[in-house]
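Participant: Contents of run.txt (compact mmCIF, C-alpha atoms and all ligand atoms):
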```txt
# COMPACT_ATOMS: atom_id res chain seq x y z
CA MET D 1 87.94 195.59 -53.20
CA THR D 2 85.93 193.78 -55.80
CA GLY D 3 87.95 191.96 -58.38
CA TYR D 4 90.46 190.93 -55.75
CA THR D 5 91.04 187.20 -55.75
CA SER D 6 93.45 184.77 -54.28
CA THR D 7 94.77 183.28 -57.51
CA SER D 8 95.66 179.74 -56.65
CA SER D 9 92.82 179.14 -54.33
CA SER D 10 89.84 181.26 -54.39
CA TYR D 11 86.13 181.12 -54.43
CA LYS D 12 84.95 183.79 -56.83
CA MET D 13 81.50 185.28 -56.85
CA ARG D 14 80.39 185.08 -60.44
CA ASN D 15 78.39 188.22 -60.53
CA GLU D 16 78.18 191.19 -58.19
CA LYS D 17 74.52 191.63 -59.10
CA SER D 18 73.75 188.25 -57.61
CA ARG D 19 74.24 189.83 -54.17
CA GLU D 20 70.73 191.21 -54.13
CA SER D 21 68.75 188.45 -55.79
CA GLY D 22 70.56 185.60 -54.07
CA LEU D 23 70.49 186.85 -50.51
CA HIS D 24 68.50 183.92 -49.17
CA ARG D 25 70.09 181.32 -51.46
CA ILE D 26 73.34 180.30 -49.85
CA GLN D 27 75.72 178.99 -52.47
CA GLU D 28 78.04 176.16 -51.60
CA VAL D 29 80.99 175.72 -53.90
CA GLU D 30 83.84 173.39 -53.12
CA LEU D 31 86.46 175.21 -51.10
CA GLU D 32 89.95 174.77 -52.46
CA ASN D 33 92.55 173.54 -50.04
CA VAL D 34 95.60 175.78 -50.25
CA ASP D 35 98.72 176.65 -48.34
CA LEU D 36 97.99 180.01 -46.75
CA ASN D 37 101.64 181.02 -46.87
CA ASP D 38 101.78 180.63 -50.66
CA ASP D 39 99.54 183.66 -51.16
CA TYR D 40 99.70 185.65 -47.92
CA ASP D 41 102.20 187.08 -45.48
CA VAL D 42 100.46 186.72 -42.14
CA GLU D 43 101.59 189.62 -39.94
CA ARG D 44 99.79 188.96 -36.66
CA THR D 45 96.64 187.75 -34.93
CA LEU D 46 94.25 190.67 -34.39
CA GLY D 47 91.67 188.90 -32.33
CA GLU D 48 90.42 185.56 -31.27
CA GLY D 49 86.70 184.98 -30.86
CA CYS D 50 85.08 181.81 -29.57
CA PHE D 51 85.32 180.05 -32.92
CA ALA D 52 87.63 182.04 -35.13
CA LYS D 53 91.06 183.58 -35.40
CA ILE D 54 91.32 186.98 -37.02
CA LEU D 55 94.59 187.37 -38.91
CA LEU D 56 96.10 190.52 -40.37
CA ALA D 57 97.77 189.58 -43.65
CA THR D 58 99.13 190.96 -46.89
CA HIS D 59 98.05 189.40 -50.15
CA ARG D 60 101.44 189.10 -51.81
CA LYS D 61 100.45 189.39 -55.43
CA THR D 62 98.42 192.58 -55.04
CA ASN D 63 100.30 193.88 -51.97
CA THR D 64 96.94 194.45 -50.30
CA THR D 65 96.31 194.39 -46.57
CA VAL D 66 93.40 192.15 -45.65
CA VAL D 67 91.94 190.49 -42.60
CA LEU D 68 91.48 186.75 -42.81
CA LYS D 69 88.78 185.22 -40.64
CA ALA D 70 89.86 181.64 -40.06
CA VAL D 71 87.24 179.35 -38.52
CA HIS D 72 88.58 176.07 -37.23
CA THR D 73 86.99 173.16 -39.11
CA GLU D 74 86.41 171.36 -35.81
CA MET D 75 84.51 174.34 -34.38
CA SER D 76 82.21 174.92 -37.34
CA THR D 77 80.49 172.96 -40.07
CA VAL D 78 81.13 173.88 -43.68
CA LYS D 79 77.43 174.87 -43.88
CA ASP D 80 77.84 177.35 -41.02
CA PHE D 81 80.96 178.74 -42.67
CA TYR D 82 79.18 179.24 -45.99
CA ARG D 83 76.26 180.97 -44.28
CA GLU D 84 78.55 183.43 -42.49
CA PHE D 85 80.62 184.11 -45.61
CA HIS D 86 77.50 184.48 -47.73
CA TYR D 87 75.78 187.02 -45.45
CA SER D 88 79.04 188.89 -44.80
CA TYR D 89 79.62 189.31 -48.52
CA HIS D 90 76.02 190.08 -49.52
CA LEU D 91 75.54 192.68 -46.79
CA SER D 92 78.87 194.41 -47.53
CA PRO D 93 77.47 197.22 -49.73
CA HIS D 94 76.04 199.01 -46.69
CA PRO D 95 78.43 201.76 -45.46
CA ASN D 96 78.11 200.60 -41.84
CA ILE D 97 78.70 196.93 -42.51
CA LEU D 98 82.21 195.52 -42.73
CA SER D 99 83.20 194.74 -46.32
CA SER D 100 84.00 191.13 -47.10
CA TYR D 101 85.74 190.13 -50.31
CA PRO D 102 84.78 187.32 -52.69
CA VAL D 103 87.63 185.16 -51.45
CA ALA D 104 87.23 181.92 -49.50
CA PHE D 105 89.32 178.78 -49.18
CA GLN D 106 90.45 176.21 -46.65
CA SER D 107 93.90 175.93 -45.24
CA GLU D 108 95.62 174.31 -42.27
CA GLY D 109 92.42 172.96 -40.70
CA CYS D 110 90.52 176.24 -41.12
CA TYR D 111 87.82 177.65 -43.38
CA ILE D 112 88.96 181.15 -44.30
CA PHE D 113 87.44 184.25 -45.88
CA ALA D 114 88.83 187.76 -46.42
CA GLN D 115 87.57 191.11 -45.12
CA GLU D 116 88.66 194.74 -44.96
CA TYR D 117 90.86 195.80 -42.05
CA ALA D 118 89.56 198.02 -39.23
CA GLN D 119 92.73 199.69 -38.00
CA LEU D 120 91.18 201.02 -34.79
CA GLY D 121 89.83 197.68 -33.58
CA ASP D 122 86.42 197.26 -31.98
CA LEU D 123 84.19 199.42 -29.78
CA ALA D 124 85.00 197.43 -26.63
CA GLY D 125 88.50 198.87 -26.88
CA VAL D 126 87.14 202.43 -26.97
CA VAL D 127 84.51 202.40 -24.22
CA ARG D 128 86.12 203.07 -20.85
CA ALA D 129 84.79 203.11 -17.28
CA GLY D 130 82.21 205.87 -17.08
CA GLY D 131 81.35 205.57 -20.78
CA ILE D 132 82.05 207.75 -23.81
CA PRO D 133 80.67 211.22 -24.60
CA GLU D 134 76.99 211.52 -25.47
CA GLU D 135 77.70 212.83 -28.98
CA SER D 136 79.91 209.80 -29.74
CA CYS D 137 77.17 207.46 -28.47
CA LYS D 138 74.70 209.11 -30.81
CA LYS D 139 77.05 208.63 -33.77
CA VAL D 140 77.32 204.93 -32.91
CA ALA D 141 73.54 204.71 -32.45
CA GLN D 142 72.78 206.24 -35.83
CA GLN D 143 75.23 204.05 -37.75
CA LEU D 144 74.42 200.83 -35.93
CA CYS D 145 70.70 201.36 -36.47
CA SER D 146 71.25 202.13 -40.14
CA ALA D 147 73.11 198.82 -40.54
CA LEU D 148 70.39 196.94 -38.68
CA GLU D 149 67.58 198.66 -40.54
CA PHE D 150 69.25 197.32 -43.71
CA LEU D 151 69.52 193.80 -42.29
CA HIS D 152 65.96 193.78 -40.97
CA SER D 153 64.64 195.06 -44.30
CA LYS D 154 66.08 191.88 -45.79
CA GLN D 155 64.35 189.74 -43.13
CA LEU D 156 67.67 188.97 -41.47
CA VAL D 157 68.49 189.09 -37.77
CA HIS D 158 72.10 189.61 -36.61
CA ARG D 159 71.54 188.03 -33.14
CA ASP D 160 74.94 188.94 -31.70
CA ILE D 161 75.05 192.72 -31.33
CA LYS D 162 77.80 193.61 -28.86
CA LEU D 163 80.67 196.08 -28.58
CA GLU D 164 83.18 193.54 -29.92
CA ASN D 165 81.18 193.25 -33.15
CA ILE D 166 81.24 196.98 -33.91
CA LEU D 167 84.50 197.92 -35.62
CA VAL D 168 85.94 201.41 -35.48
CA PHE D 169 87.23 203.27 -38.55
CA ALA D 170 87.47 206.83 -37.13
CA GLY D 171 88.72 207.94 -33.73
CA ASP D 172 85.70 210.22 -33.19
CA LEU D 173 83.39 207.27 -33.99
CA SER D 174 82.02 209.01 -37.07
CA LYS D 175 82.67 205.74 -38.93
CA VAL D 176 81.84 202.39 -37.36
CA LYS D 177 80.84 199.13 -39.02
CA LEU D 178 78.95 196.07 -37.87
CA CYS D 179 80.76 192.73 -38.30
CA ASP D 180 80.49 189.03 -37.43
CA PHE D 181 77.51 187.52 -39.22
CA GLY D 182 78.23 184.06 -37.83
CA GLU D 183 74.90 183.99 -35.96
CA THR D 184 72.82 185.84 -38.58
CA ARG D 185 69.64 184.00 -39.49
CA LYS D 186 66.48 184.53 -41.47
CA GLU D 187 63.65 186.07 -39.46
CA GLY D 188 61.10 183.47 -38.34
CA CYS D 189 63.35 180.42 -38.42
CA LEU D 190 63.96 178.26 -35.36
CA VAL D 191 67.30 178.88 -33.66
CA ASN D 192 69.34 177.88 -30.65
CA LYS D 193 70.92 180.29 -28.19
CA VAL D 194 74.01 182.09 -29.51
CA ARG D 195 77.03 180.34 -28.06
CA GLY D 196 79.44 182.39 -26.02
CA THR D 197 77.47 185.66 -25.79
CA TRP D 198 77.98 187.59 -22.58
CA HIS D 199 74.86 187.18 -20.38
CA PRO D 200 74.00 190.88 -19.90
CA PHE D 201 73.45 191.16 -23.67
CA LEU D 202 70.87 188.39 -23.92
CA PRO D 203 67.24 189.54 -24.29
CA PRO D 204 64.75 188.08 -21.77
CA GLU D 205 63.11 185.73 -24.28
CA VAL D 206 66.55 184.17 -24.88
CA CYS D 207 67.43 184.06 -21.17
CA GLU D 208 64.16 182.24 -20.54
CA THR D 209 64.82 179.39 -22.99
CA VAL D 210 66.07 176.20 -21.42
CA LYS D 211 69.17 174.44 -22.68
CA ASN D 212 68.83 173.10 -26.23
CA GLU D 213 65.32 174.54 -26.54
CA ARG D 214 64.75 176.19 -29.91
CA PHE D 215 62.93 179.47 -30.37
CA THR D 216 61.83 181.77 -33.20
CA CYS D 217 64.42 184.24 -34.46
CA ARG D 218 63.08 187.81 -34.41
CA PRO D 219 64.55 191.27 -35.16
CA ALA D 220 63.33 192.36 -31.72
CA SER D 221 66.36 190.61 -30.19
CA ASP D 222 68.69 192.99 -32.12
CA CYS D 223 66.66 195.98 -30.83
CA TRP D 224 67.13 194.79 -27.26
CA GLN D 225 70.88 194.36 -27.78
CA VAL D 226 71.18 197.85 -29.29
CA GLY D 227 69.62 199.13 -26.05
CA ILE D 228 72.28 197.32 -24.02
CA VAL D 229 75.12 198.50 -26.31
CA LEU D 230 73.98 202.13 -25.95
CA PHE D 231 73.63 201.79 -22.19
CA VAL D 232 77.18 200.41 -21.98
CA CYS D 233 78.50 203.19 -24.25
CA LEU D 234 76.92 205.84 -22.00
CA THR D 235 77.88 204.36 -18.63
CA GLY D 236 80.76 201.93 -19.17
CA CYS D 237 78.89 198.95 -17.77
CA PRO D 238 75.74 196.91 -18.48
CA PRO D 239 72.48 197.66 -16.59
CA TRP D 240 72.15 194.15 -15.10
CA HIS D 241 73.82 190.81 -15.06
CA SER D 242 70.95 188.95 -16.68
CA ALA D 243 67.50 189.94 -18.00
CA ASP D 244 65.96 187.38 -15.67
CA LEU D 245 63.02 188.55 -13.54
CA THR D 246 63.48 185.91 -10.87
CA SER D 247 67.21 186.00 -10.25
CA ASP D 248 68.32 189.56 -11.06
CA THR D 249 67.03 192.39 -8.86
CA ASP D 250 68.49 195.10 -11.12
CA TYR D 251 66.47 193.73 -14.00
CA SER D 252 63.30 193.10 -11.99
CA ASN D 253 63.44 196.71 -10.66
CA PHE D 254 63.79 197.98 -14.22
CA SER D 255 60.92 195.77 -15.33
CA LYS D 256 58.61 197.10 -12.55
CA TRP D 257 59.38 200.67 -13.64
CA GLN D 258 59.08 199.69 -17.29
CA LYS D 259 55.61 198.25 -16.68
CA ARG D 260 54.68 201.34 -14.57
CA ARG D 261 54.26 199.33 -11.40
CA THR D 262 56.52 201.91 -9.77
CA THR D 263 57.51 205.49 -10.60
CA LYS D 264 60.92 204.93 -9.04
CA ILE D 265 63.48 205.13 -11.84
CA PRO D 266 66.05 202.34 -11.39
CA SER D 267 69.25 203.86 -9.95
CA GLN D 268 71.45 202.91 -12.92
CA PHE D 269 69.10 204.87 -15.23
CA ARG D 270 68.87 208.08 -13.17
CA LYS D 271 71.46 210.03 -15.15
CA PHE D 272 69.31 209.88 -18.28
CA THR D 273 66.80 212.45 -19.56
CA PRO D 274 63.10 211.50 -19.83
CA ARG D 275 63.49 211.19 -23.60
CA LEU D 276 66.33 208.69 -23.35
CA LEU D 277 64.45 206.82 -20.64
CA ARG D 278 61.57 206.55 -23.04
CA MET D 279 63.86 205.13 -25.72
CA PHE D 280 65.23 202.51 -23.32
CA ARG D 281 61.70 201.72 -22.21
CA ARG D 282 60.66 201.10 -25.82
CA LEU D 283 63.77 199.15 -26.88
CA MET D 284 63.83 197.03 -23.75
CA GLU D 285 60.22 195.92 -23.57
CA HIS D 286 60.17 192.56 -21.85
CA LYS D 287 57.89 191.05 -24.50
CA PRO D 288 59.54 190.97 -27.95
CA GLU D 289 56.22 191.50 -29.75
CA LYS D 290 55.76 194.83 -27.91
CA ARG D 291 59.32 196.03 -28.44
CA ALA D 292 59.96 198.99 -30.75
CA SER D 293 61.57 198.41 -34.14
CA ILE D 294 65.12 199.58 -34.78
CA THR D 295 64.02 202.81 -36.51
CA GLU D 296 62.63 204.01 -33.14
CA VAL D 297 66.18 205.07 -32.19
CA TYR D 298 66.24 207.77 -34.91
CA LYS D 299 63.48 209.66 -33.05
CA TYR D 300 65.82 210.39 -30.13
CA LEU D 301 69.04 211.40 -31.86
CA LYS D 302 68.32 215.14 -31.62
CA ASP D 303 67.39 215.02 -27.93
CA SER D 304 69.70 215.41 -24.96
CA TRP D 305 70.42 212.08 -23.37
CA LEU D 306 72.29 212.87 -20.18
CA LEU D 307 71.20 215.08 -17.31
CA GLU D 308 73.63 217.73 -16.09
CA LYS D 309 74.17 218.73 -12.49
CA ASN D 310 73.05 222.25 -11.51
CA SER D 311 74.89 224.46 -9.00
CA SER D 312 73.29 222.62 -6.08
CA GLY D 313 74.27 219.24 -7.54
CA SER D 314 70.77 218.18 -8.62
CA PRO D 315 70.41 216.59 -12.05
CA VAL D 316 68.74 218.86 -14.63
CA GLU D 317 68.30 218.81 -18.38
CA ARG D 318 70.58 220.90 -20.55
CA LYS D 319 69.37 224.41 -21.35
CA ASP D 320 69.71 223.81 -25.11
CA SER D 321 67.76 220.60 -24.85
CA THR D 322 64.68 220.09 -26.97
CA ASN D 323 63.60 217.45 -24.47
CA LEU D 324 60.38 217.17 -22.60
CA TYR D 325 60.36 217.53 -18.87
CA ILE D 326 57.44 215.15 -18.77
CA ASP D 327 57.78 211.66 -20.16
CA HIS D 328 54.73 211.29 -22.40
CA ASP D 329 54.29 207.68 -23.25
CA ASP D 330 51.56 207.32 -25.79
CA ASP D 331 53.45 205.61 -28.52
CA ASP D 332 51.90 207.21 -31.56
CA ASP D 333 52.15 210.82 -32.68
CA ASP D 334 55.36 211.12 -30.75
CA GLU D 335 56.57 214.23 -32.53
CA ASP D 336 53.24 216.06 -32.21
CA ALA D 337 53.08 215.38 -28.51
CA HIS D 338 56.64 216.64 -28.25
CA HIS D 339 55.71 220.02 -29.73
CA ILE D 340 52.51 220.39 -27.71
CA ASN D 341 54.49 219.77 -24.55
CA ASP D 342 57.15 222.26 -25.63
CA GLU D 343 54.45 224.90 -26.12
CA ASN D 344 53.03 224.12 -22.68
CA LYS D 345 56.50 224.44 -21.23
CA VAL D 346 56.99 227.88 -22.80
CA ARG D 347 53.57 229.00 -21.51
CA LEU D 348 54.36 227.76 -18.01
CA THR D 349 57.78 229.49 -18.05
CA LYS D 350 56.16 232.80 -19.09
CA LEU D 351 53.52 232.51 -16.37
CA LEU D 352 56.08 231.75 -13.68
CA SER D 353 58.43 234.52 -14.78
CA SER D 354 55.49 237.00 -14.65
CA TYR D 355 55.46 236.19 -10.93
CA GLY D 356 59.23 236.76 -10.79
CA LEU D 357 60.06 233.04 -10.57
CA GLU D 358 63.07 231.72 -12.51
CA THR D 359 62.40 228.16 -13.62
CA THR D 360 65.51 227.17 -15.49
CA LEU D 361 69.14 227.81 -14.97
CA ASP D 362 70.79 229.86 -17.71
CA GLN D 363 74.22 228.27 -17.79
CA LYS D 364 75.77 231.01 -19.98
CA ALA D 365 74.40 233.83 -17.78
CA MET D 366 75.65 232.02 -14.69
CA THR D 367 79.13 231.48 -16.20
CA SER D 368 79.41 235.14 -17.20
CA ARG D 369 78.25 236.22 -13.69
CA ILE D 370 81.00 234.01 -12.16
CA TRP D 371 83.63 235.46 -14.51
CA GLU D 372 82.56 239.02 -13.68
CA TRP D 373 82.88 238.19 -10.00
CA VAL D 374 86.33 236.52 -10.45
CA LEU D 375 87.64 239.47 -12.50
CA ALA D 376 86.26 241.95 -9.96
CA CYS D 377 88.06 240.03 -7.19
CA GLU D 378 91.29 240.07 -9.22
CA SER D 379 91.17 243.82 -9.89
CA ASN D 380 90.43 244.45 -6.19
CA ALA D 381 93.41 242.26 -5.29
CA ASP D 382 95.62 244.17 -7.79
CA ALA D 383 94.48 247.50 -6.30
CA ASN D 384 95.25 246.20 -2.81
CA LEU D 385 98.71 245.01 -3.92
CA GLU D 386 99.49 248.38 -5.51
CA GLY D 387 98.55 250.01 -2.23
CA ILE D 388 101.12 247.92 -0.28
N1 LIG D 401 88.15 193.20 -40.04
C1 LIG D 401 88.64 193.34 -38.81
N2 LIG D 401 89.55 194.31 -38.54
C2 LIG D 401 90.06 194.46 -37.30
N3 LIG D 401 89.73 193.67 -36.25
C3 LIG D 401 88.83 192.69 -36.44
C4 LIG D 401 88.24 192.47 -37.73
N4 LIG D 401 87.39 191.44 -37.63
C5 LIG D 401 87.42 191.04 -36.34
N5 LIG D 401 88.28 191.77 -35.62
C6 LIG D 401 88.61 191.60 -34.19
O1 LIG D 401 88.50 190.23 -33.84
C7 LIG D 401 87.45 190.02 -32.87
C8 LIG D 401 86.72 188.71 -33.15
O2 LIG D 401 86.14 188.77 -34.46
P1 LIG D 401 84.77 188.04 -34.81
O3 LIG D 401 83.70 188.57 -33.91
O4 LIG D 401 84.53 188.13 -36.27
O5 LIG D 401 85.13 186.53 -34.38
P2 LIG D 401 84.18 185.42 -33.75
O6 LIG D 401 84.98 184.21 -33.47
O7 LIG D 401 82.98 185.27 -34.61
O8 LIG D 401 83.78 186.12 -32.37
P3 LIG D 401 82.66 185.65 -31.33
O9 LIG D 401 82.05 184.40 -31.84
O10 LIG D 401 83.40 185.51 -30.03
O11 LIG D 401 81.69 186.83 -31.32
C9 LIG D 401 86.58 191.26 -32.98
O12 LIG D 401 85.92 191.53 -31.74
C10 LIG D 401 87.59 192.35 -33.32
O13 LIG D 401 88.24 192.82 -32.15
```
Now that the file is in, can you turn its structure into structure tokens?

Facilitator:
Amino acid sequence: MTGYTSTSSSYKMRNEKSRESGLHRIQEVELENVDLNDDYDVERTLGEGCFAKILLATHRKTNTTVVLKAVHTEMSTVKDFYREFHYSYHLSPHPNILSSYPVAFQSEGCYIFAQEYAQLGDLAGVVRAGGIPEESCKKVAQQLCSALEFLHSKQLVHRDIKLENILVFAGDLSKVKLCDFGETRKEGCLVNKVRGTWHPFLPPEVCETVKNERFTCRPASDCWQVGIVLFVCLTGCPPWHSADLTSDTDYSNFSKWQKRRTTKIPSQFRKFTPRLLRMFRRLMEHKPEKRASITEVYKYLKDSWLLEKNSSGSPVERKDSTNLYIDHDDDDDDEDAHHINDENKVRLTKLLSSYGLETTLDQKAMTSRIWEWVLACESNADANLEGI
């Protein structure tokens, strides 16, 4: 929606091309004070975060539906507002980042900027108890990581990845967009804890900081939060209350397994395949410097993520899975190791079947055997009925 401006009141970006070159130069231009109702028909409040109101409005002159993010002047400094508006606008060209328009002004005690409208709301409204289907989670994973790869390539860190900041544009989750750049900072700068983030989403290095202590902003914190988002998408709840080794047994159990001090997979992770476990292990490394980068996630998108139950109720991997049955954990040459293990698996299967041992369950064969049996029962029953 470039070219769209709020006539009486707007901040206009002079040149679209300045998006790229000026990413780290945050422009501050005086914000015009205007009466919101002169230019917009405000329909309703869509959401209310800790610091902002999200209003659905129509720009009267162009009859365009927009979302206005109104940050209360008492809750934010003008510098913070400019930073958020600046990053929101400059990152907009990415297909998985919410588009913001070159429109900003102040009105009724708020700093306001305009964005596109996500009719289906945010991901928190989609994820139910028990989670969402694996394929939907993978779609979210791919798009979210693409957005973050873009951010990280520009030495920016989002710092507040959570379900509420992922907006939904298609019911099957084939289109989602990252929003809320209020906490986005340049990699390497000193930052304070993000205010108002739900504890389970905080990475350990952030949990460990004491009140008002500053720490270095790193992309690794986004990678951790992507891990938590994907866990919540798959299960419907977070894996622990807080990534604190001393106070949270769920997290300390995970950490022991993560560091290979135990082979016991933490109970909340037992429904996952070895490949997905490996991804979580890599994304949720306790030490940020050892944590995988965001592109790691792409390596797992073709694998099965959830175990299925076999006829005796034990969890098994899907028959069509390209997964490994053994979790190989040497970080490099991942794909090569994958294939070598697949070859070994085929060899082992052949050897076992030469001794008449079936090693995997053929779901299709089993289903057709059940159907044959059901139909045979039905035709016997029909024959019996005819005989009555
Ligand atoms: N463009 C949009 N279209 C539809 N809904 C939106 C849009 N932007 C935000 N929302 C809704 O409003 C909520 C709050 O938005 P946002 O995260 O930008 O505000 P915030 O005050 O920065 O939030 P917080 O600081 O609590 O994370 C979102 O979780 C989402 O549900």

Participant: Find, counting all atoms listed in the file, the residue in D:Phe113, D:Trp305, D:Phe272, D:Trp224 that gets nearest to ligand LIG 401 (chain D).

Facilitator: D:Phe113

Participant: Grab me every residue within 9 Å of ligand LIG 401 (chain D), counting all atoms listed in the file, and send it over as a PDB file with C-alpha atoms, keeping the file's coordinate frame.

Facilitator:
```
ATOM      1  CA  THR D  45      96.640 187.750 -34.930  1.00  0.00           C
ATOM      2  CA  LEU D  46      94.250 190.670 -34.390  1.00  0.00           C
ATOM      3  CA  GLY D  47      91.670 188.900 -32.330  1.00  0.00           C
ATOM      4  CA  GLU D  48      90.420 185.560 -31.270  1.00  0.00           C
ATOM      5  CA  GLY D  49      86.700 184.980 -30.860  1.00  0.00           C
ATOM      6  CA  CYS D  50      85.080 181.810 -29.570  1.00  0.00           C
ATOM      7  CA  PHE D  51      85.320 180.050 -32.920  1.00  0.00           C
ATOM      8  CA  ALA D  52      87.630 182.040 -35.130  1.00  0.00           C
ATOM      9  CA  LYS D  53      91.060 183.580 -35.400  1.00  0.00           C
ATOM     10  CA  ILE D  54      91.320 186.980 -37.020  1.00  0.00           C
ATOM     11  CA  LEU D  55      94.590 187.370 -38.910  1.00  0.00           C
ATOM     12  CA  LEU D  56      96.100 190.520 -40.370  1.00  0.00           C
ATOM     13  CA  VAL D  66      93.400 192.150 -45.650  1.00  0.00           C
ATOM     14  CA  VAL D  67      91.940 190.490 -42.600  1.00  0.00           C
ATOM     15  CA  LEU D  68      91.480 186.750 -42.810  1.00  0.00           C
ATOM     16  CA  LYS D  69      88.780 185.220 -40.640  1.00  0.00           C
ATOM     17  CA  ALA D  70      89.860 181.640 -40.060  1.00  0.00           C
ATOM     18  CA  VAL D  71      87.240 179.350 -38.520  1.00  0.00           C
ATOM     19  CA  LEU D  98      82.210 195.520 -42.730  1.00  0.00           C
ATOM     20  CA  SER D  99      83.200 194.740 -46.320  1.00  0.00           C
ATOM     21  CA  SER D 100      84.000 191.130 -47.100  1.00  0.00           C
ATOM     22  CA  ALA D 114      88.830 187.760 -46.420  1.00  0.00           C
ATOM     23  CA  GLN D 115      87.570 191.110 -45.120  1.00  0.00           C
ATOM     24  CA  GLU D 116      88.660 194.740 -44.960  1.00  0.00           C
ATOM     25  CA  TYR D 117      90.860 195.800 -42.050  1.00  0.00           C
ATOM     26  CA  ALA D 118      89.560 198.020 -39.230  1.00  0.00           C
ATOM     27  CA  GLN D 119      92.730 199.690 -38.000  1.00  0.00           C
ATOM     28  CA  LEU D 120      91.180 201.020 -34.790  1.00  0.00           C
ATOM     29  CA  GLY D 121      89.830 197.680 -33.580  1.00  0.00           C
ATOM     30  CA  ASP D 122      86.420 197.260 -31.980  1.00  0.00           C
ATOM     31  CA  LEU D 123      84.190 199.420 -29.780  1.00  0.00           C
ATOM     32  CA  ALA D 124      85.000 197.430 -26.630  1.00  0.00           C
ATOM     33  CA  GLY D 125      88.500 198.870 -26.880  1.00  0.00           C
ATOM     34  CA  ASP D 160      74.940 188.940 -31.700  1.00  0.00           C
ATOM     35  CA  ILE D 161      75.050 192.720 -31.330  1.00  0.00           C
ATOM     36  CA  LYS D 162      77.800 193.610 -28.860  1.00  0.00           C
ATOM     37  CA  LEU D 163      80.670 196.080 -28.580  1.00  0.00           C
ATOM     38  CA  GLU D 164      83.180 193.540 -29.920  1.00  0.00           C
ATOM     39  CA  ASN D 165      81.180 193.250 -33.150  1.00  0.00           C
ATOM     40  CA  ILE D 166      81.240 196.980 -33.910  1.00  0.00           C
ATOM     41  CA  LEU D 167      84.500 197.920 -35.620  1.00  0.00           C
ATOM     42  CA  VAL D 168      85.940 201.410 -35.480  1.00  0.00           C
ATOM     43  CA  CYS D 179      80.760 192.730 -38.300  1.00  0.00           C
ATOM     44  CA  ASP D 180      80.490 189.030 -37.430  1.00  0.00           C
ATOM     45  CA  PHE D 181      77.510 187.520 -39.220  1.00  0.00           C
ATOM     46  CA  GLY D 182      78.230 184.060 -37.830  1.00  0.00           C
ATOM     47  CA  GLU D 183      74.900 183.990 -35.960  1.00  0.00           C
ATOM     48  CA  VAL D 194      74.010 182.090 -29.510  1.00  0.00           C
ATOM     49  CA  ARG D 195      77.030 180.340 -28.060  1.00  0.00           C
ATOM     50  CA  GLY D 196      79.440 182.390 -26.020  1.00  0.00           C
ATOM     51  CA  THR D 197      77.470 185.660 -25.790  1.00  0.00           C
TER      52      THR D 197
END
```

Participant: Using all atoms listed in the file, which residues sit within 10 Å of Ser255 (chain D) once same-chain residues fewer than 4 positions away are excluded, as number ranges by chain?

Facilitator: D: 243-245, 249-251, 259-262, 266, 281, 284-286

Participant: Would you compute the distance between CA of Thr295 (chain D) and CA of Cys207 (chain D)? Give it in Å to one decimal.

Facilitator: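 Atom-to-atom, CA of Thr295 (chain D) and CA of Cys207 (chain D) are spaced 24.5 Å apart.
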
Participant: Out of D:Ala57, D:Met75, D:Met279, D:Leu23, which residue has the shortest atom-to-atom distance to Ile294 (chain D) when counting all atoms listed in the file?

Facilitator: D:Met279

Participant: Using all atoms listed in the file, pick whichever of D:Gln27, D:Arg60, D:Thr216, D:Tyr298 has the shortest atom-to-atom distance to Asp41 (chain D).

Facilitator: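 Closest candidate: D:Arg60.
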
Participant: Rounded to one decimal, what separation in Å do you get between CA of Val191 (chain D) and CA of Tyr111 (chain D)?

Facilitator: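 Calculated distance between CA of Val191 (chain D) and CA of Tyr111 (chain D) is 22.7 Å.
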
Participant: Please measure the separation of CA of Glu43 (chain D) and CA of Thr58 (chain D), giving the value in Å to one decimal.

Facilitator: 7.5 Å

Participant: Can you work out which one of D:Val206, D:Val78, D:Cys145, D:Ile112 has the shortest atom-to-atom distance to Ser242 (chain D), counting only C-alpha atoms?

Facilitator: D:Val206

Participant: For Tyr82 (chain D), which residue among D:His152, D:Lys61, D:Thr184, D:Asn33 is the nearest when counting all atoms listed in the file?

Facilitator: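 Smallest separation from Tyr82 (chain D) among the options: D:Thr184.
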
Participant: Kindly extract all protein, DNA and RNA residues lying within 10 Å of the coordinates (63.8, 190.7, -30.7) given in the file, considering all atoms listed in the file, and supply them as number ranges by chain.

Facilitator: D: 157, 159, 187, 203-206, 216-225, 283-294

Participant: Write out the residues from the selection above, keeping C-alpha atoms, as a short mmCIF file (atom, residue, chain, number, x, y, z; two decimals), in the coordinates of the input.

Facilitator:
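Saved result, out-v1.cif, follows:
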```cif
data_model
loop_
_atom_site.label_atom_id
_atom_site.label_comp_id
_atom_site.auth_asym_id
_atom_site.auth_seq_id
_atom_site.Cartn_x
_atom_site.Cartn_y
_atom_site.Cartn_z
CA VAL D 157 68.49 189.09 -37.77
CA ARG D 159 71.54 188.03 -33.14
CA GLU D 187 63.65 186.07 -39.46
CA PRO D 203 67.24 189.54 -24.29
CA PRO D 204 64.75 188.08 -21.77
CA GLU D 205 63.11 185.73 -24.28
CA VAL D 206 66.55 184.17 -24.88
CA THR D 216 61.83 181.77 -33.20
CA CYS D 217 64.42 184.24 -34.46
CA ARG D 218 63.08 187.81 -34.41
CA PRO D 219 64.55 191.27 -35.16
CA ALA D 220 63.33 192.36 -31.72
CA SER D 221 66.36 190.61 -30.19
CA ASP D 222 68.69 192.99 -32.12
CA CYS D 223 66.66 195.98 -30.83
CA TRP D 224 67.13 194.79 -27.26
CA GLN D 225 70.88 194.36 -27.78
CA LEU D 283 63.77 199.15 -26.88
CA MET D 284 63.83 197.03 -23.75
CA GLU D 285 60.22 195.92 -23.57
CA HIS D 286 60.17 192.56 -21.85
CA LYS D 287 57.89 191.05 -24.50
CA PRO D 288 59.54 190.97 -27.95
CA GLU D 289 56.22 191.50 -29.75
CA LYS D 290 55.76 194.83 -27.91
CA ARG D 291 59.32 196.03 -28.44
CA ALA D 292 59.96 198.99 -30.75
CA SER D 293 61.57 198.41 -34.14
CA ILE D 294 65.12 199.58 -34.78
#
```
